[in-house]
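Raw start_25.cif, mmCIF, C-alpha atoms:
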data_start
#
loop_
_atom_site.label_atom_id
_atom_site.label_comp_id
_atom_site.auth_asym_id
_atom_site.auth_seq_id
_atom_site.Cartn_x
_atom_site.Cartn_y
_atom_site.Cartn_z
CA MET A 1 0.00 0.00 0.00
CA ILE A 2 1.20 3.51 -0.83
CA LYS A 3 -0.08 6.79 0.57
CA ARG A 4 0.57 9.76 -1.71
CA VAL A 5 0.66 13.41 -0.63
CA GLU A 6 1.03 16.38 -2.97
CA ILE A 7 1.89 19.81 -1.59
CA ASN A 8 0.78 22.67 -3.85
CA TYR A 9 2.78 25.83 -3.17
CA ARG A 10 3.63 29.21 -4.66
CA GLY A 11 7.00 29.11 -6.38
CA ILE A 12 9.84 30.83 -4.50
CA PHE A 13 7.48 32.37 -1.91
CA GLN A 14 6.64 28.99 -0.34
CA LYS A 15 9.34 26.67 -1.67
CA ASN A 16 11.17 26.04 1.60
CA LEU A 17 7.89 25.66 3.47
CA ALA A 18 6.72 22.92 1.09
CA LYS A 19 10.11 21.22 1.13
CA ARG A 20 10.13 21.07 4.93
CA ILE A 21 6.61 19.68 5.07
CA GLY A 22 7.44 16.94 2.56
CA GLY A 23 10.70 16.04 4.26
CA ASP A 24 9.18 15.91 7.73
CA ILE A 25 6.34 13.66 6.55
CA VAL A 26 8.99 11.13 5.51
CA ILE A 27 10.96 11.41 8.76
CA ILE A 28 7.84 11.12 10.94
CA ALA A 29 6.58 8.14 8.92
CA SER A 30 10.02 6.51 9.27
CA ARG A 31 9.89 6.96 13.04
CA MET A 32 6.54 5.14 12.91
CA GLY A 33 8.21 2.15 11.23
CA LYS A 34 7.14 3.02 7.69
CA VAL A 35 9.14 3.79 4.54
CA GLY A 36 8.89 7.08 2.71
CA PHE A 37 10.58 9.55 0.43
CA SER A 38 9.90 13.08 -0.77
CA ASN A 39 10.82 14.99 -3.90
CA GLY A 40 9.97 18.13 -5.82
CA ARG A 41 8.31 17.87 -9.20
CA TYR A 42 10.70 17.81 -12.12
CA SER A 43 10.53 21.00 -14.22
CA ASP A 44 9.24 23.23 -11.42
CA SER A 45 12.76 24.68 -11.37
CA PRO A 46 13.74 27.33 -12.20
CA GLU A 47 10.75 28.79 -10.47
CA ARG A 48 9.12 32.13 -10.95
CA ASN A 49 7.51 34.18 -8.19
CA GLY A 50 4.14 32.68 -7.39
CA ILE A 51 4.09 30.01 -10.11
CA PRO A 52 2.12 26.97 -8.89
CA CYS A 53 4.54 24.18 -7.98
CA LYS A 54 4.44 20.85 -6.17
CA TYR A 55 6.36 18.78 -3.66
CA PHE A 56 5.47 15.13 -3.06
CA ALA A 57 5.72 12.70 -0.16
CA PHE A 58 5.16 8.96 -0.46
CA VAL A 59 4.66 6.64 2.51
CA SER A 60 4.25 2.87 2.65
CA PRO A 61 3.93 0.48 5.61
CA ASP A 62 4.89 -2.65 3.66
CA LEU A 63 7.19 -1.82 0.71
CA GLU A 64 10.96 -1.67 0.67
CA GLU A 65 12.48 1.73 -0.07
CA GLU A 66 13.69 0.59 -3.50
CA GLU A 67 10.22 -0.67 -4.40
CA LEU A 68 8.60 2.58 -3.28
CA GLU A 69 11.01 4.73 -5.28
CA ALA A 70 10.61 2.50 -8.35
CA GLU A 71 6.85 2.87 -8.14
CA CYS A 72 6.65 6.62 -7.40
CA GLY A 73 9.94 8.26 -8.32
CA ALA A 74 11.16 9.93 -11.50
CA LYS A 75 7.75 11.18 -12.62
CA LEU A 76 6.70 14.61 -13.79
CA ASP A 77 3.61 14.34 -11.60
CA ILE A 78 1.89 11.80 -9.42
CA ASP A 79 -0.92 9.64 -10.74
CA GLU A 80 -3.19 10.19 -7.75
CA ALA A 81 -3.20 11.77 -4.30
CA ASP A 82 -4.67 10.61 -1.01
CA VAL A 83 -4.08 14.11 0.37
CA SER A 84 -3.54 17.28 -1.62
CA VAL A 85 -2.29 20.19 0.50
CA VAL A 86 -2.92 23.72 -0.82
CA LEU A 87 -0.72 26.30 0.91
CA ASP A 88 -2.42 29.31 -0.74
CA ASP A 89 -6.19 29.13 -1.10
CA THR A 90 -6.23 31.19 -4.32
CA MET A 91 -4.85 28.12 -6.12
CA VAL A 92 -8.30 26.52 -5.89
CA LYS A 93 -9.13 28.55 -9.00
CA GLY A 94 -6.79 26.32 -11.00
CA VAL A 95 -3.06 25.94 -11.54
CA GLU A 96 -0.78 26.04 -14.55
CA PRO A 97 2.76 25.07 -13.55
CA TRP A 98 5.84 25.24 -15.78
CA GLY A 99 5.98 21.54 -16.52
CA TRP A 100 2.32 20.99 -17.30
CA HIS A 101 0.26 22.60 -20.02
CA GLY A 102 -3.18 24.06 -19.48
CA VAL A 103 -4.96 25.36 -16.38
CA ARG A 104 -5.71 22.28 -14.30
CA PRO A 105 -8.22 21.79 -11.48
CA ILE A 106 -6.62 21.83 -8.03
CA ASN A 107 -8.40 18.57 -7.16
CA GLU A 108 -7.46 16.73 -10.35
CA LYS A 109 -5.32 14.13 -8.56
CA ILE A 110 -7.58 13.51 -5.55
CA ILE A 111 -8.85 9.95 -5.26
CA GLU A 112 -12.32 8.92 -4.09
CA LYS A 113 -12.67 9.75 -0.36
CA GLY A 114 -9.28 11.49 -0.52
CA CYS A 115 -8.88 14.94 1.00
CA LEU A 116 -8.07 18.42 -0.27
CA LEU A 117 -6.50 20.29 2.69
CA VAL A 118 -6.52 24.06 2.15
CA VAL A 119 -4.91 26.73 4.34
CA SER A 120 -7.70 29.29 4.39
CA HIS A 121 -10.07 31.39 6.48
CA LYS A 122 -12.88 30.76 3.99
CA GLU A 123 -15.86 28.44 4.27
CA GLN A 124 -16.13 25.29 2.19
CA GLY A 125 -18.76 26.76 -0.13
CA ASP A 126 -16.56 29.77 -0.90
CA LEU A 127 -13.88 27.39 -2.19
CA VAL A 128 -16.00 24.75 -3.94
CA LYS A 129 -17.48 27.36 -6.29
CA PHE A 130 -14.06 27.58 -7.97
CA ILE A 131 -13.21 23.85 -7.97
CA ALA A 132 -13.97 21.35 -10.73
CA THR A 133 -16.56 18.64 -10.23
CA ARG A 134 -15.46 15.05 -9.63
CA PRO A 135 -17.49 11.90 -10.40
CA PHE A 136 -17.13 10.69 -6.81
CA ASP A 137 -17.24 11.98 -3.25
CA TYR A 138 -14.09 13.46 -1.77
CA ARG A 139 -13.34 15.48 1.34
CA LEU A 140 -12.44 19.14 1.68
CA ALA A 141 -10.75 20.35 4.87
CA THR A 142 -9.60 23.83 5.81
CA LEU A 143 -6.78 24.71 8.16
CA ASP A 144 -7.64 28.16 9.48
CA GLY A 145 -4.82 30.56 8.63
CA ASP A 146 -3.25 32.99 6.19
CA ALA A 147 -1.07 31.94 3.28
CA ASN A 148 2.56 31.85 4.42
CA LEU A 149 4.19 33.97 1.71
CA ALA A 150 7.87 34.71 2.27
CA GLY A 151 10.54 36.41 0.20
CA LEU A 152 13.14 35.03 -2.19
CA TRP A 153 13.40 31.39 -1.02
CA VAL A 154 13.10 32.59 2.58
CA PHE A 155 11.46 30.33 5.17
CA LYS A 156 8.92 32.34 7.13
CA ASP A 157 8.70 30.67 10.53
CA ASP A 158 5.14 31.41 11.62
CA LEU A 159 4.30 27.79 12.65
CA THR A 160 2.42 27.08 9.40
CA HIS A 161 4.81 24.17 8.86
CA GLU A 162 3.87 22.55 12.17
CA ARG A 163 0.15 23.28 11.79
CA VAL A 164 0.05 21.70 8.32
CA LEU A 165 1.70 18.53 9.65
CA GLY A 166 -1.04 18.43 12.28
CA GLY A 167 -3.67 19.00 9.59
CA ILE A 168 -2.36 16.08 7.50
CA ALA A 169 -2.52 13.84 10.59
CA ALA A 170 -6.14 14.92 11.06
CA VAL A 171 -7.33 14.12 7.53
CA ASP A 172 -5.35 10.89 7.08
CA PRO A 173 -3.68 9.37 10.17
CA GLY A 174 -2.62 6.48 7.95
CA ILE A 175 0.13 8.76 6.66
CA ILE A 176 1.33 10.21 9.97
CA SER A 177 -0.33 10.31 13.38
CA ILE A 178 -0.65 13.42 15.51
CA ASP A 179 1.13 11.69 18.41
CA ALA A 180 4.09 10.91 16.14
CA VAL A 181 4.10 14.50 14.85
CA GLU A 182 4.22 15.93 18.37
CA GLU A 183 6.90 13.46 19.49
CA TYR A 184 9.07 14.29 16.48
CA LEU A 185 8.78 18.06 16.94
CA ARG A 186 9.71 17.81 20.61
CA PHE A 187 12.69 15.60 19.70
CA LYS A 188 13.83 17.84 16.84
CA THR A 189 13.32 21.29 18.35
CA GLY A 190 12.86 20.87 22.09
CA ASP A 191 10.18 23.52 21.72
CA GLU A 192 6.81 22.60 23.21
CA ARG A 193 5.26 25.54 21.39
CA ARG A 194 5.84 23.80 18.05
CA ALA A 195 4.31 20.54 19.22
CA GLN A 196 1.30 22.48 20.50
CA ALA A 197 0.97 24.27 17.14
CA ALA A 198 0.75 20.88 15.41
CA ARG A 199 -1.90 19.72 17.91
CA ASP A 200 -3.85 22.96 17.39
CA GLY A 201 -3.69 22.50 13.62
CA HIS A 202 -4.89 18.92 14.00
CA ASP A 203 -7.84 19.85 16.22
CA SER A 204 -8.81 22.84 14.09
CA THR A 205 -8.78 20.78 10.91
CA GLN A 206 -10.91 18.03 12.46
CA HIS A 207 -13.65 20.61 13.00
CA HIS A 208 -13.48 21.81 9.38
CA ILE A 209 -13.71 18.62 7.31
CA GLY A 210 -16.65 18.16 4.98
CA VAL A 211 -17.64 15.83 2.17
CA VAL A 212 -17.92 17.26 -1.34
CA PRO A 213 -20.54 15.09 -3.07
CA ALA A 214 -19.99 13.82 -6.59
CA GLY A 215 -20.95 16.52 -9.09
CA ASP A 216 -20.50 19.47 -6.71
CA GLY A 217 -18.35 22.28 -8.05
CA ILE A 218 -18.08 23.77 -11.51
CA VAL A 219 -17.78 22.34 -15.00
CA TRP A 220 -14.15 23.02 -15.91
CA GLN A 221 -13.99 25.59 -18.71
CA HIS A 222 -10.26 25.60 -19.37
CA GLU A 223 -9.15 23.57 -22.36
CA ILE A 224 -6.70 20.80 -21.50
CA PRO A 225 -4.16 20.60 -24.34
CA VAL A 226 -3.35 17.17 -25.73
CA LEU A 227 0.39 16.80 -26.11
CA PRO A 228 1.70 14.94 -29.19
CA LYS A 229 3.05 11.42 -28.72
CA TRP A 230 6.66 10.67 -29.57
CA HIS A 231 5.71 9.04 -32.89
CA GLU A 232 3.68 12.11 -33.90
CA PHE A 233 6.66 14.49 -33.94
CA GLY A 234 8.01 15.48 -37.34
CA GLU A 235 11.67 15.58 -38.22
CA GLY A 236 13.43 18.52 -36.65
CA ALA A 237 11.79 21.04 -34.35
CA VAL A 238 10.34 24.50 -34.82
CA VAL A 239 9.59 26.81 -31.90
CA PRO A 240 7.21 29.58 -33.03
CA ALA A 241 8.59 33.02 -32.23
CA VAL A 242 6.67 35.50 -30.15
CA GLU A 243 4.94 37.90 -32.51
CA ARG A 244 6.36 41.39 -32.25
CA GLY A 245 4.36 44.55 -32.66
CA PHE A 246 5.01 48.26 -32.43
CA GLU A 247 1.48 49.61 -32.31
CA MET A 248 0.34 51.37 -29.13
CA GLY A 249 -2.75 49.49 -28.14
CA PRO A 250 -4.20 46.08 -27.25
CA GLY A 251 -2.10 43.37 -28.84
CA GLY A 252 0.80 45.75 -29.38
CA GLN A 253 2.62 44.85 -26.18
CA SER A 254 4.62 41.96 -27.69
CA ARG A 255 3.49 39.61 -24.94
CA ASN A 256 3.42 35.86 -25.50
CA THR A 257 -0.25 35.15 -26.16
CA SER A 258 0.28 31.39 -25.75
CA PHE A 259 1.52 31.69 -22.16
CA LYS A 260 -1.13 33.12 -19.89
CA ARG A 261 0.17 33.26 -16.33
CA GLY A 262 -2.99 34.28 -14.49
CA THR A 263 -2.91 31.36 -12.05
CA THR A 264 0.32 32.80 -10.60
CA LYS A 265 -1.43 35.57 -8.70
CA THR A 266 -2.66 35.67 -5.12
CA LEU A 267 -3.79 39.29 -5.49
CA ARG A 268 -5.00 41.23 -8.53
CA PRO A 269 -5.01 44.99 -9.21
CA VAL A 270 -8.34 46.83 -9.13
CA VAL A 271 -8.19 50.15 -10.97
CA ARG A 272 -10.29 53.22 -10.22
CA PHE A 273 -10.33 54.65 -13.75
CA ASP A 274 -12.02 57.83 -12.54
CA LEU A 275 -8.95 58.63 -10.40
CA CYS A 276 -6.37 57.88 -13.10
CA ILE A 277 -4.21 60.85 -14.24
CA GLY A 278 -2.76 59.06 -17.28
CA CYS A 279 0.85 59.02 -16.03
CA THR A 280 1.52 55.68 -17.87
CA LEU A 281 3.59 54.27 -14.98
CA CYS A 282 1.47 51.12 -14.63
CA TRP A 283 1.89 50.40 -18.34
CA LEU A 284 5.60 51.14 -18.28
CA ASP A 285 6.41 49.18 -15.12
CA CYS A 286 4.31 46.05 -15.67
CA PRO A 287 6.82 43.21 -16.31
CA ASP A 288 4.17 41.07 -18.01
CA GLU A 289 2.74 43.73 -20.33
CA CYS A 290 -0.82 43.18 -19.17
CA PHE A 291 -1.92 46.85 -19.35
CA ASP A 292 -3.60 47.75 -22.65
CA PRO A 293 -3.99 51.41 -23.68
CA VAL A 294 -7.63 52.17 -24.49
CA GLY A 295 -7.43 55.88 -25.24
CA GLY A 296 -7.88 58.94 -23.10
CA GLY A 297 -4.79 58.09 -21.07
CA LEU A 298 -6.45 55.02 -19.56
CA TYR A 299 -5.32 51.40 -19.48
CA ASP A 300 -7.34 48.19 -19.36
CA VAL A 301 -5.99 45.17 -17.45
CA SER A 302 -5.71 41.75 -19.08
CA TYR A 303 -5.99 39.52 -16.00
CA GLU A 304 -5.14 36.36 -17.93
CA TYR A 305 -1.55 37.62 -18.11
CA CYS A 306 -1.36 39.41 -14.75
CA VAL A 307 0.80 37.61 -12.16
CA GLY A 308 -0.23 39.84 -9.24
CA CYS A 309 3.25 41.20 -8.58
CA GLY A 310 1.87 44.56 -7.41
CA LYS A 311 4.36 46.76 -9.28
CA CYS A 312 1.52 48.76 -10.81
CA ALA A 313 0.03 49.54 -7.38
CA THR A 314 3.46 50.52 -6.05
CA ALA A 315 4.28 52.74 -9.03
CA CYS A 316 0.91 54.50 -9.19
CA PRO A 317 1.24 58.01 -7.66
CA VAL A 318 -2.50 58.41 -7.02
CA PRO A 319 -3.73 57.06 -3.66
CA GLU A 320 -6.40 54.34 -4.03
CA CYS A 321 -6.22 54.40 -7.84
CA ILE A 322 -4.68 50.88 -8.09
CA VAL A 323 -5.21 48.53 -5.15
CA MET A 324 -4.22 44.85 -4.84
CA VAL A 325 -7.20 42.67 -3.88
CA ASP A 326 -7.66 39.01 -2.84
CA GLU A 327 -7.94 36.91 -6.01
CA LEU A 328 -10.78 34.81 -4.57
CA LYS A 329 -13.06 37.85 -4.66
CA PHE A 330 -13.27 37.45 -8.45
CA GLU A 331 -14.98 34.75 -10.46
CA ASP A 332 -13.74 35.65 -13.95
CA ASP A 333 -11.11 37.64 -15.86
CA SER A 334 -13.48 40.02 -17.64
CA SER A 335 -12.26 43.46 -18.68
CA PRO A 336 -12.55 46.11 -15.94
CA TRP A 337 -12.36 48.85 -18.56
CA GLU A 338 -15.39 47.50 -20.43
CA HIS A 339 -17.30 47.47 -17.13
CA TYR A 340 -16.31 51.08 -16.42
CA ARG A 341 -17.08 52.26 -19.97
CA ARG A 342 -20.53 50.68 -19.81
CA ASP A 343 -21.45 51.87 -16.30
CA PRO A 344 -18.97 54.30 -14.65
CA GLU A 345 -20.95 54.77 -11.43
CA GLY A 346 -21.70 51.08 -11.10
CA TYR A 347 -18.05 50.22 -11.71
CA VAL A 348 -16.79 52.54 -8.97
CA GLU A 349 -19.27 50.99 -6.54
CA TRP A 350 -18.16 47.50 -7.63
CA ALA A 351 -14.46 48.41 -7.29
CA GLU A 352 -14.86 49.74 -3.76
CA GLU A 353 -16.88 46.69 -2.73
CA LYS A 354 -14.06 44.42 -3.99
CA LYS A 355 -11.32 46.53 -2.39
CA GLY A 356 -12.90 46.49 1.07
CA LYS A 357 -10.81 48.03 3.85
CA ASP A 358 -7.60 45.94 3.74
CA ARG A 359 -4.64 47.21 1.70
CA TYR A 360 -1.91 44.66 1.00
CA SER A 361 1.71 45.51 0.32
CA TYR A 362 5.09 43.83 0.56
CA PRO A 363 7.40 45.28 3.22
CA HIS A 364 11.00 46.18 2.45
CA VAL A 365 12.24 43.43 4.79
CA THR A 366 11.98 40.20 2.80
CA GLY A 367 10.54 37.03 4.28
CA THR A 368 7.87 38.67 6.40
CA GLY A 369 4.90 38.27 4.03
CA PHE A 370 2.28 40.99 3.56
CA GLU A 371 1.81 44.23 5.39
CA ILE A 372 -1.88 45.12 5.78
CA ARG A 373 -3.18 48.59 6.54
CA GLU A 374 -6.62 50.19 6.36
CA GLY A 375 -7.56 51.98 3.17
CA THR A 376 -10.04 54.66 2.20
CA ALA A 377 -12.74 55.00 -0.45
CA PRO A 378 -12.35 58.29 -2.39
CA PRO A 379 -15.56 59.71 -3.85
CA ALA A 380 -16.13 59.17 -7.57
CA LYS A 381 -14.74 61.78 -9.94
CA VAL A 382 -16.25 62.83 -13.25
CA ARG A 383 -13.65 62.48 -16.01
CA LYS A 384 -13.52 65.26 -18.54
#
Show me, as structure tokens, the structure contained in the file I just sent.
Amino acid sequence: MIKRVEINYRGIFQKNLAKRIGGDIVIIASRMGKVGFSNGRYSDSPERNGIPCKYFAFVSPDLEEEELEAECGAKLDIDEADVSVVLDDTMVKGVEPWGWHGVRPINEKIIEKGCLLVVSHKEQGDLVKFIATRPFDYRLATLDGDANLAGLWVFKDDLTHERVLGGIAAVDPGIISIDAVEEYLRFKTGDERRAQAARDGHDSTQHHIGVVPAGDGIVWQHEIPVLPKWHEFGEGAVVPAVERGFEMGPGGQSRNTSFKRGTTKTLRPVVRFDLCIGCTLCWLDCPDECFDPVGGGLYDVSYEYCVGCGKCATACPVPECIVMVDELKFEDDSSPWEHYRRDPEGYVEWAEEKKGKDRYSYPHVTGTGFEIREGTAPPAKVRK
């Protein structure tokens, strides 16, 4: 028997967190008399900020190590998962990693009665509305907490690591038990606080486990590309070049239209067009060329290409004009400019409702995650 765990994480921001979780699953399982190994998915390196990536852990009570590695090792991805851990809840909208083509459902690998364990403050229904349907029942558990987002390969030690280990023990004690987790953390760190964090994560998760019935969720709208088989390749290879353009306007940004990186973002920019002064800084500073000039000194946002880096919000000189907002507040990537052009007053009301009061920003000290302050809601302005 083999138990398979996949750990979905944001590239660079959560890499060391995922690696520690996977490694400790193996060590804890070994201390329980089982065999295990952990590895990162091939082709998730080099990583880009926020790109969805995976670590794996495999545990067996009855196989030899060589047999386990032969069965599970050296694969681009796992075939199935007993537990799928999601370290940033915005990934429930779908993921498109480097080594896999197409936006895939976050629960694609979950087996029947398996469990999707999500670090989130949200209720089950607020997550399921973004997740693809499955033809069988599976479980969805939430571990109450914020996404642990650190800096450049920095490990942010906020006890998420310990709490996730406790959460895994709660949803599938056949992988690791909570008693073994606590014993290991005491042995490794000598810090009772860490063992207690694991126990708290375990108990919290047990109170937030629900069954997602077969058919619940959404019909997946993203096309899954079919890759050619080895015998279907022609002689030689041709890589189509990125089309270049010099026209100022939509489609003139020379971006790669075949590589849409929207699943990379945890936050997205919301623009108050009525406050915009036409300084062009968002358009100039965007590293992914997702701002499209629409005339009158204004710029639409193509969310399919936006990675949520926040440079536009940082560069914008007008307070509250561009604000980064939780990605799970949005159900599609429709054009904000078209909404504003059609109904300016309604758009401003919509934008302020999405923005809420929290304003997210990255501090200058790396590895400390988000800074959150309270924002304001400027009155609407009439553009001339």
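Across the structure, atom CA of A:Gly114 and atom CA of A:Gly217 are spaced 16.0 Å apart.
Residues matching the PyMOL selection byres ((chain A and resi 198-203) around 7) in this structure come to Leu143, Glu162, Arg163, Val164, Leu165, Gly166, Gly167, Ala169, Ala170, Ile178, Glu182, Arg194, Ala195, Gln196, Ala197, Ser204, Thr205, Gln206 and His207 of chain A.
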What are the nearest atom pairs, with distances in Å to one decimal, for all residues of stretch 7-126 of chain A that come at most 9 Å from stretch 297-317 of chain A, using only C-alpha atoms, set out by chain and rising residue number as a tab-separated table?
residue	atom	partner	partner_atom	distance
A:Asn49	CA	A:Cys309	CA	8.2
A:Gly50	CA	A:Val307	CA	7.6
A:Ile51	CA	A:Val307	CA	8.5
Per residue of stretch 220-335 of chain A within 12 Å of stretch 74-88 of chain A, which atom pair is closest and at what distance in Å (one decimal), using only C-alpha atoms, listed by chain and increasing number, as a tab-separated table?
residue	atom	partner	partner_atom	distance
A:Thr263	CA	A:Asp88	CA	11.5
A:Thr264	CA	A:Asp88	CA	10.8
A:Lys265	CA	A:Asp88	CA	10.2
A:Thr266	CA	A:Asp88	CA	7.7
A:Leu267	CA	A:Asp88	CA	11.1
A:Asp326	CA	A:Asp88	CA	11.2
A:Glu327	CA	A:Asp88	CA	10.8
A:Leu328	CA	A:Asp88	CA	10.7
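By only C-alpha atoms, and with residues fewer than 2 positions from A:Ile224 along its chain excluded, the set lying at most 7 Å from it is Gly102, His222 and Val226 of chain A.
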For the residues in the current selection, export C-alpha atoms as a PDB file, in the frame of the given file.
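File written: again.pdb
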ATOM      1  CA  GLY A 102      -3.180  24.060 -19.480  1.00  0.00           C
ATOM      2  CA  HIS A 222     -10.260  25.600 -19.370  1.00  0.00           C
ATOM      3  CA  VAL A 226      -3.350  17.170 -25.730  1.00  0.00           C
TER       4      VAL A 226
END
Neighbours of point (-15.1, 61.7, -18.3) within 12 Å, using all atoms listed in the file, written as a PyMOL selection string: chain A and resi 273-277+295-298+340-341+343-345+380-384
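Selection around (6.6, 6.0, 6.3) with radius 8 Å, counting only C-alpha atoms, yields the residues Ile25, Val26, Ile27, Ile28, Ala29, Ser30, Arg31, Met32, Gly33, Lys34, Val35, Gly36, Phe37, Phe58, Val59, Ser60, Pro61, Ile175 and Ile176 of chain A.
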Result set of the PyMOL selection byres ((chain A and resi 8-20) around 6) on the coordinates above, as a ChimeraX atom specification: /A:7,21-24,47-54,85-87,149-153,155
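If you count only C-alpha atoms and ignore residues fewer than 2 places along the chain from A:Glu123, what sits within 12 Å of it is Asp89, Val118, Val119, Ser120, His121, Gly125, Asp126, Leu127, Val128, Lys129, Leu140, Ala141, Thr142, Leu143, Asp144, His207, His208, Ile209 and Gly210 of chain A.
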Mind filling out stretch 217-230 of chain A with N, CA and C atoms and sending it as a PDB file, keeping the file's coordinate frame?
ATOM      1  N   GLY A 217     -19.432  21.478  -7.492  1.00  0.00           N
ATOM      2  CA  GLY A 217     -18.350  22.280  -8.050  1.00  0.00           C
ATOM      3  C   GLY A 217     -18.762  22.867  -9.382  1.00  0.00           C
ATOM      4  N   ILE A 218     -17.797  23.150 -10.221  1.00  0.00           N
ATOM      5  CA  ILE A 218     -18.080  23.770 -11.510  1.00  0.00           C
ATOM      6  C   ILE A 218     -17.606  22.868 -12.655  1.00  0.00           C
ATOM      7  N   VAL A 219     -18.255  23.011 -13.797  1.00  0.00           N
ATOM      8  CA  VAL A 219     -17.780  22.340 -15.000  1.00  0.00           C
ATOM      9  C   VAL A 219     -16.533  23.084 -15.474  1.00  0.00           C
ATOM     10  N   TRP A 220     -15.423  22.376 -15.607  1.00  0.00           N
ATOM     11  CA  TRP A 220     -14.150  23.020 -15.910  1.00  0.00           C
ATOM     12  C   TRP A 220     -14.152  23.588 -17.321  1.00  0.00           C
ATOM     13  N   GLN A 221     -13.900  24.899 -17.430  1.00  0.00           N
ATOM     14  CA  GLN A 221     -13.990  25.590 -18.710  1.00  0.00           C
ATOM     15  C   GLN A 221     -12.660  25.713 -19.438  1.00  0.00           C
ATOM     16  N   HIS A 222     -11.560  25.448 -18.736  1.00  0.00           N
ATOM     17  CA  HIS A 222     -10.260  25.600 -19.370  1.00  0.00           C
ATOM     18  C   HIS A 222      -9.929  24.391 -20.231  1.00  0.00           C
ATOM     19  N   GLU A 223      -9.514  24.653 -21.443  1.00  0.00           N
ATOM     20  CA  GLU A 223      -9.150  23.570 -22.360  1.00  0.00           C
ATOM     21  C   GLU A 223      -7.874  22.891 -21.871  1.00  0.00           C
ATOM     22  N   ILE A 224      -7.879  21.567 -21.874  1.00  0.00           N
ATOM     23  CA  ILE A 224      -6.700  20.800 -21.500  1.00  0.00           C
ATOM     24  C   ILE A 224      -6.000  20.366 -22.791  1.00  0.00           C
ATOM     25  N   PRO A 225      -4.853  20.958 -23.096  1.00  0.00           N
ATOM     26  CA  PRO A 225      -4.160  20.600 -24.340  1.00  0.00           C
ATOM     27  C   PRO A 225      -3.761  19.129 -24.366  1.00  0.00           C
ATOM     28  N   VAL A 226      -3.802  18.551 -25.538  1.00  0.00           N
ATOM     29  CA  VAL A 226      -3.350  17.170 -25.730  1.00  0.00           C
ATOM     30  C   VAL A 226      -1.961  17.229 -26.359  1.00  0.00           C
ATOM     31  N   LEU A 227      -0.981  16.753 -25.631  1.00  0.00           N
ATOM     32  CA  LEU A 227       0.390  16.800 -26.110  1.00  0.00           C
ATOM     33  C   LEU A 227       0.644  15.699 -27.135  1.00  0.00           C
ATOM     34  N   PRO A 228       1.429  15.975 -28.170  1.00  0.00           N
ATOM     35  CA  PRO A 228       1.700  14.940 -29.190  1.00  0.00           C
ATOM     36  C   PRO A 228       2.528  13.795 -28.613  1.00  0.00           C
ATOM     37  N   LYS A 229       2.263  12.592 -29.110  1.00  0.00           N
ATOM     38  CA  LYS A 229       3.050  11.420 -28.720  1.00  0.00           C
ATOM     39  C   LYS A 229       4.382  11.437 -29.469  1.00  0.00           C
ATOM     40  N   TRP A 230       5.315  10.634 -28.988  1.00  0.00           N
ATOM     41  CA  TRP A 230       6.660  10.670 -29.570  1.00  0.00           C
ATOM     42  C   TRP A 230       6.642  10.336 -31.059  1.00  0.00           C
TER      43      TRP A 230
END
